[in-house]
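Data block for my_file17.txt (compact mmCIF, N, CA and C atoms):
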```txt
# COMPACT_ATOMS: atom_id res chain seq x y z
N MET S 126 0.84 -1.17 0.00
CA MET S 126 0.00 0.00 0.00
C MET S 126 0.90 1.24 0.00
N SER S 127 0.57 2.18 -0.85
CA SER S 127 1.37 3.40 -0.95
C SER S 127 1.01 4.36 0.19
N TYR S 128 1.82 5.39 0.34
CA TYR S 128 1.56 6.39 1.37
C TYR S 128 0.24 7.09 1.11
N PHE S 129 -0.05 7.38 -0.14
CA PHE S 129 -1.27 8.10 -0.47
C PHE S 129 -2.51 7.24 -0.21
N ASP S 130 -2.41 5.95 -0.50
CA ASP S 130 -3.52 5.04 -0.18
C ASP S 130 -3.74 4.97 1.33
N GLU S 131 -2.66 5.00 2.07
CA GLU S 131 -2.76 5.02 3.53
C GLU S 131 -3.47 6.29 4.00
N PHE S 132 -3.15 7.41 3.37
CA PHE S 132 -3.79 8.69 3.70
C PHE S 132 -5.29 8.64 3.38
N LEU S 133 -5.65 8.10 2.22
CA LEU S 133 -7.06 8.00 1.85
C LEU S 133 -7.81 7.06 2.79
N GLN S 134 -7.14 6.03 3.25
CA GLN S 134 -7.75 5.12 4.21
C GLN S 134 -7.98 5.83 5.55
N LEU S 135 -7.07 6.72 5.93
CA LEU S 135 -7.26 7.51 7.15
C LEU S 135 -8.47 8.42 7.02
N ILE S 136 -8.69 9.00 5.85
CA ILE S 136 -9.88 9.84 5.64
C ILE S 136 -11.14 9.01 5.85
N THR S 137 -11.16 7.82 5.30
CA THR S 137 -12.31 6.94 5.45
C THR S 137 -12.52 6.57 6.92
N GLN S 138 -11.44 6.33 7.61
CA GLN S 138 -11.52 6.01 9.04
C GLN S 138 -12.05 7.20 9.84
N MET S 139 -11.59 8.41 9.50
CA MET S 139 -12.06 9.62 10.19
C MET S 139 -13.55 9.83 9.95
N LYS S 140 -14.00 9.56 8.73
CA LYS S 140 -15.43 9.71 8.43
C LYS S 140 -16.25 8.71 9.23
N ALA S 141 -15.76 7.49 9.34
CA ALA S 141 -16.49 6.48 10.12
C ALA S 141 -16.51 6.83 11.60
N THR S 142 -15.44 7.42 12.09
CA THR S 142 -15.34 7.75 13.51
C THR S 142 -16.16 8.99 13.88
N PHE S 143 -16.06 10.05 13.08
CA PHE S 143 -16.65 11.33 13.44
C PHE S 143 -17.91 11.69 12.66
N SER S 144 -18.39 10.80 11.83
CA SER S 144 -19.54 11.12 10.99
C SER S 144 -20.83 11.17 11.79
N TYR S 145 -21.80 11.85 11.23
CA TYR S 145 -23.12 11.88 11.82
C TYR S 145 -24.15 11.66 10.73
N ASP S 146 -25.35 11.31 11.11
CA ASP S 146 -26.38 10.89 10.17
C ASP S 146 -27.12 12.10 9.62
N MET S 147 -27.19 12.17 8.29
CA MET S 147 -27.92 13.25 7.63
C MET S 147 -29.08 12.62 6.86
N ASN S 148 -30.26 12.62 7.43
CA ASN S 148 -31.41 12.02 6.78
C ASN S 148 -32.42 13.06 6.30
N ILE S 149 -32.01 14.29 6.14
CA ILE S 149 -32.90 15.32 5.63
C ILE S 149 -32.99 15.15 4.12
N ALA S 150 -34.20 15.06 3.60
CA ALA S 150 -34.40 14.72 2.19
C ALA S 150 -33.86 15.78 1.23
N ASN S 151 -34.22 17.03 1.42
CA ASN S 151 -33.82 18.09 0.49
C ASN S 151 -33.07 19.19 1.23
N LEU S 152 -31.93 18.87 1.72
CA LEU S 152 -31.14 19.86 2.44
C LEU S 152 -30.50 20.81 1.44
N TYR S 153 -30.78 22.09 1.56
CA TYR S 153 -30.23 23.08 0.64
C TYR S 153 -28.72 23.16 0.84
N GLY S 154 -28.00 23.12 -0.23
CA GLY S 154 -26.55 23.24 -0.16
C GLY S 154 -25.85 21.96 0.24
N ILE S 155 -26.45 20.82 -0.05
CA ILE S 155 -25.87 19.55 0.38
C ILE S 155 -24.49 19.33 -0.26
N ALA S 156 -24.27 19.82 -1.48
CA ALA S 156 -22.97 19.64 -2.14
C ALA S 156 -21.88 20.39 -1.37
N ASP S 157 -22.16 21.62 -0.95
CA ASP S 157 -21.19 22.36 -0.16
C ASP S 157 -20.95 21.69 1.18
N PHE S 158 -22.00 21.16 1.77
CA PHE S 158 -21.86 20.48 3.05
C PHE S 158 -20.95 19.27 2.91
N ARG S 159 -21.15 18.47 1.87
CA ARG S 159 -20.34 17.27 1.66
C ARG S 159 -18.88 17.62 1.39
N ARG S 160 -18.63 18.69 0.62
CA ARG S 160 -17.26 19.11 0.37
C ARG S 160 -16.59 19.56 1.67
N ASN S 161 -17.30 20.35 2.46
CA ASN S 161 -16.74 20.83 3.73
C ASN S 161 -16.51 19.67 4.70
N GLU S 162 -17.41 18.70 4.68
CA GLU S 162 -17.24 17.52 5.51
C GLU S 162 -15.99 16.74 5.10
N PHE S 163 -15.78 16.58 3.79
CA PHE S 163 -14.59 15.90 3.27
C PHE S 163 -13.32 16.63 3.68
N VAL S 164 -13.33 17.94 3.59
CA VAL S 164 -12.15 18.73 3.96
C VAL S 164 -11.88 18.60 5.46
N LEU S 165 -12.92 18.63 6.26
CA LEU S 165 -12.75 18.51 7.71
C LEU S 165 -12.11 17.17 8.08
N TYR S 166 -12.62 16.09 7.53
CA TYR S 166 -12.05 14.77 7.83
C TYR S 166 -10.64 14.66 7.28
N SER S 167 -10.39 15.29 6.15
CA SER S 167 -9.06 15.24 5.55
C SER S 167 -8.03 15.96 6.40
N LYS S 168 -8.41 17.08 6.98
CA LYS S 168 -7.49 17.82 7.86
C LYS S 168 -7.11 16.96 9.07
N LYS S 169 -8.09 16.26 9.63
CA LYS S 169 -7.80 15.36 10.75
C LYS S 169 -6.89 14.22 10.29
N ALA S 170 -7.13 13.72 9.10
CA ALA S 170 -6.32 12.62 8.56
C ALA S 170 -4.89 13.08 8.29
N ILE S 171 -4.71 14.31 7.86
CA ILE S 171 -3.35 14.85 7.62
C ILE S 171 -2.57 14.87 8.94
N ARG S 172 -3.21 15.35 10.00
CA ARG S 172 -2.53 15.38 11.30
C ARG S 172 -2.17 13.97 11.77
N GLU S 173 -3.09 13.04 11.59
CA GLU S 173 -2.84 11.66 12.00
C GLU S 173 -1.74 11.02 11.15
N PHE S 174 -1.73 11.30 9.85
CA PHE S 174 -0.71 10.76 8.96
C PHE S 174 0.68 11.26 9.37
N ILE S 175 0.78 12.53 9.67
CA ILE S 175 2.08 13.10 10.06
C ILE S 175 2.51 12.55 11.42
N ARG S 176 1.57 12.38 12.34
CA ARG S 176 1.90 11.78 13.63
C ARG S 176 2.43 10.36 13.47
N SER S 177 1.80 9.60 12.58
CA SER S 177 2.21 8.21 12.42
C SER S 177 3.56 8.06 11.72
N HIS S 178 3.96 9.07 10.94
CA HIS S 178 5.24 9.03 10.24
C HIS S 178 6.24 10.06 10.79
N ALA S 179 6.04 10.48 12.00
CA ALA S 179 6.90 11.52 12.59
C ALA S 179 8.35 11.08 12.70
N SER S 180 8.58 9.80 12.94
CA SER S 180 9.95 9.33 13.08
C SER S 180 10.71 9.35 11.75
N GLU S 181 10.00 9.27 10.64
CA GLU S 181 10.63 9.28 9.32
C GLU S 181 10.88 10.69 8.79
N LEU S 182 10.20 11.68 9.35
CA LEU S 182 10.21 13.03 8.79
C LEU S 182 10.83 14.02 9.75
N ASP S 183 11.69 14.88 9.22
CA ASP S 183 12.16 15.98 10.05
C ASP S 183 11.13 17.11 9.99
N LYS S 184 11.39 18.19 10.72
CA LYS S 184 10.40 19.26 10.85
C LYS S 184 10.05 19.89 9.50
N ALA S 185 11.03 20.17 8.68
CA ALA S 185 10.77 20.80 7.38
C ALA S 185 9.98 19.87 6.47
N LYS S 186 10.33 18.59 6.48
CA LYS S 186 9.64 17.64 5.62
C LYS S 186 8.19 17.44 6.06
N ARG S 187 7.93 17.53 7.36
CA ARG S 187 6.55 17.44 7.84
C ARG S 187 5.70 18.56 7.26
N GLN S 188 6.29 19.75 7.20
CA GLN S 188 5.56 20.89 6.63
C GLN S 188 5.30 20.69 5.14
N TYR S 189 6.28 20.15 4.42
CA TYR S 189 6.09 19.89 2.99
C TYR S 189 5.02 18.83 2.76
N VAL S 190 5.02 17.79 3.59
CA VAL S 190 4.01 16.73 3.45
C VAL S 190 2.62 17.30 3.74
N ALA S 191 2.49 18.09 4.80
CA ALA S 191 1.20 18.70 5.14
C ALA S 191 0.73 19.61 4.01
N GLN S 192 1.64 20.38 3.45
CA GLN S 192 1.29 21.28 2.36
C GLN S 192 0.83 20.49 1.13
N LEU S 193 1.54 19.42 0.80
CA LEU S 193 1.17 18.61 -0.35
C LEU S 193 -0.18 17.93 -0.14
N LEU S 194 -0.42 17.40 1.04
CA LEU S 194 -1.69 16.72 1.30
C LEU S 194 -2.85 17.71 1.33
N ASN S 195 -2.62 18.91 1.84
CA ASN S 195 -3.67 19.94 1.79
C ASN S 195 -4.02 20.28 0.35
N LYS S 196 -3.01 20.43 -0.47
CA LYS S 196 -3.25 20.73 -1.88
C LYS S 196 -3.99 19.58 -2.55
N ALA S 197 -3.60 18.35 -2.21
CA ALA S 197 -4.26 17.18 -2.78
C ALA S 197 -5.74 17.14 -2.40
N VAL S 198 -6.04 17.42 -1.15
CA VAL S 198 -7.43 17.38 -0.69
C VAL S 198 -8.27 18.40 -1.44
N MET S 199 -7.77 19.60 -1.56
CA MET S 199 -8.54 20.65 -2.22
C MET S 199 -8.68 20.40 -3.72
N THR S 200 -7.71 19.74 -4.31
CA THR S 200 -7.75 19.48 -5.75
C THR S 200 -8.56 18.23 -6.09
N LEU S 201 -8.43 17.20 -5.29
CA LEU S 201 -9.07 15.92 -5.61
C LEU S 201 -10.59 15.98 -5.55
N TRP S 202 -11.15 16.92 -4.82
CA TRP S 202 -12.61 17.02 -4.78
C TRP S 202 -13.16 17.32 -6.18
N ASN S 203 -12.47 18.18 -6.91
CA ASN S 203 -12.93 18.55 -8.26
C ASN S 203 -12.30 17.71 -9.36
N TYR S 204 -11.08 17.24 -9.15
CA TYR S 204 -10.35 16.49 -10.17
C TYR S 204 -9.81 15.18 -9.60
N PRO S 205 -10.67 14.19 -9.38
CA PRO S 205 -10.20 12.92 -8.79
C PRO S 205 -9.22 12.16 -9.68
N GLU S 206 -9.16 12.50 -10.96
CA GLU S 206 -8.22 11.82 -11.86
C GLU S 206 -6.77 12.19 -11.57
N LEU S 207 -6.53 13.17 -10.74
CA LEU S 207 -5.16 13.57 -10.39
C LEU S 207 -4.60 12.77 -9.21
N LYS S 208 -5.28 11.73 -8.79
CA LYS S 208 -4.81 10.91 -7.67
C LYS S 208 -3.41 10.37 -7.93
N SER S 209 -3.15 9.87 -9.12
CA SER S 209 -1.84 9.29 -9.42
C SER S 209 -0.74 10.35 -9.36
N TYR S 210 -1.05 11.58 -9.74
CA TYR S 210 -0.07 12.67 -9.66
C TYR S 210 0.33 12.91 -8.20
N PHE S 211 -0.65 13.05 -7.32
CA PHE S 211 -0.35 13.31 -5.92
C PHE S 211 0.27 12.08 -5.24
N GLU S 212 -0.11 10.91 -5.69
CA GLU S 212 0.49 9.68 -5.16
C GLU S 212 1.98 9.65 -5.47
N ALA S 213 2.34 10.01 -6.70
CA ALA S 213 3.77 10.04 -7.08
C ALA S 213 4.53 11.11 -6.33
N LYS S 214 3.92 12.29 -6.18
CA LYS S 214 4.58 13.38 -5.46
C LYS S 214 4.83 13.02 -3.99
N LEU S 215 3.83 12.39 -3.36
CA LEU S 215 3.99 12.02 -1.94
C LEU S 215 5.04 10.92 -1.79
N SER S 216 5.04 9.96 -2.67
CA SER S 216 6.05 8.90 -2.61
C SER S 216 7.46 9.47 -2.79
N GLU S 217 7.59 10.40 -3.72
CA GLU S 217 8.88 11.06 -3.95
C GLU S 217 9.32 11.85 -2.72
N LEU S 218 8.39 12.58 -2.11
CA LEU S 218 8.72 13.39 -0.96
C LEU S 218 9.08 12.52 0.25
N MET S 219 8.37 11.42 0.44
CA MET S 219 8.64 10.54 1.58
C MET S 219 9.94 9.76 1.42
N SER S 220 10.34 9.49 0.18
CA SER S 220 11.54 8.68 -0.03
C SER S 220 12.82 9.52 -0.16
N ASP S 221 12.69 10.83 -0.34
CA ASP S 221 13.88 11.70 -0.44
C ASP S 221 14.68 11.65 0.83
N GLU S 222 15.96 11.64 0.67
CA GLU S 222 16.87 11.65 1.83
C GLU S 222 17.56 12.97 1.94
```

How does this structure look as C-alpha cells?
Amino acid sequence: MSYFDEFLQLITQMKATFSYDMNIANLYGIADFRRNEFVLYSKKAIREFIRSHASELDKAKRQYVAQLLNKAVMTLWNYPELKSYFEAKLSELMSDE
C-alpha cells in the first residue's frame, strides 16, 4: 500500500469515527456540506498521517508533506483523476533523503 492510499484510508476512518447521520431529504446546499465535511475529515487525517510518520520526517519535511496533502485534498474534490499525480509526489517526498 502506498503512502497516499494510507492517507485516503485515514480519511475513510475519520469519516467512520466522526460522521453523523444526515437524513434530511432536500437539504439546501448539500454539495457544499459534503465538500466541507470531506475537507474537515481530511485535515484530521493529515494530522494523523504526520503523527504516524513523525519518526521518518524531520520538521521541514513534515511541513512539505502537510502542504502537499492539503493541496491534494482541495484538488481531488474537483479532479479525482489527479490521484496518481499526488500519489507520485507524496512517494517522492517521503523517499527523499

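Residue neighbourhood of Met139 of chain S, excluding near-sequence residues (fewer than 2 positions): Leu133, Gln134, Leu135, Ile136, Thr137, Ala141, Thr142, Phe143, Ser144, Leu165, Tyr166, Ser167, Lys169 and Ala170 of chain S, at 8 Å, using all atoms listed in the file.
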
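Non-sequential neighbours of segment 202-214 of chain S (distance at most 8 Å, separation of 3 or more positions within a chain, all atoms listed in the file) are Ser127, Tyr128, Phe129, Asp130, Arg160, Leu193, Lys196, Ala197, Val198, Met199, Glu217, Leu218, Met219 and Ser220 of chain S.
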
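Pairwise distance (atom N of Met126 of chain S, atom C of Thr200 of chain S) equals 22.4 Å.
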
Point to revise | Distance criterion (only C-alpha atoms): nearest to Leu194 of chain S out of S:Asp157, S:Glu162, S:Gln138, S:Glu131 | key: S:Glu131

Practice item. Name the closest residue to Ile171 of chain S among the candidates S:Asp221, S:Leu215, S:Ala185, S:Phe132; distances are taken between atoms, counting all atoms listed in the file. Key: S:Phe132

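Every residue within 12 Å of the file position (8.5, 11.6, 8.6), judged by only C-alpha atoms, is given as Tyr128, Arg172, Glu173, Phe174, Ile175, Arg176, Ser177, His178, Ala179, Ser180, Glu181, Leu182, Asp183, Lys184, Ala185, Lys186, Arg187, Gln188, Tyr189, Val190, Ala191, Leu215, Ser216, Leu218, Met219, Ser220, Asp221 and Glu222 of chain S.
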
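Note that atom N of Asn195 of chain S and atom CA of Asn161 of chain S are 14.4 Å apart.
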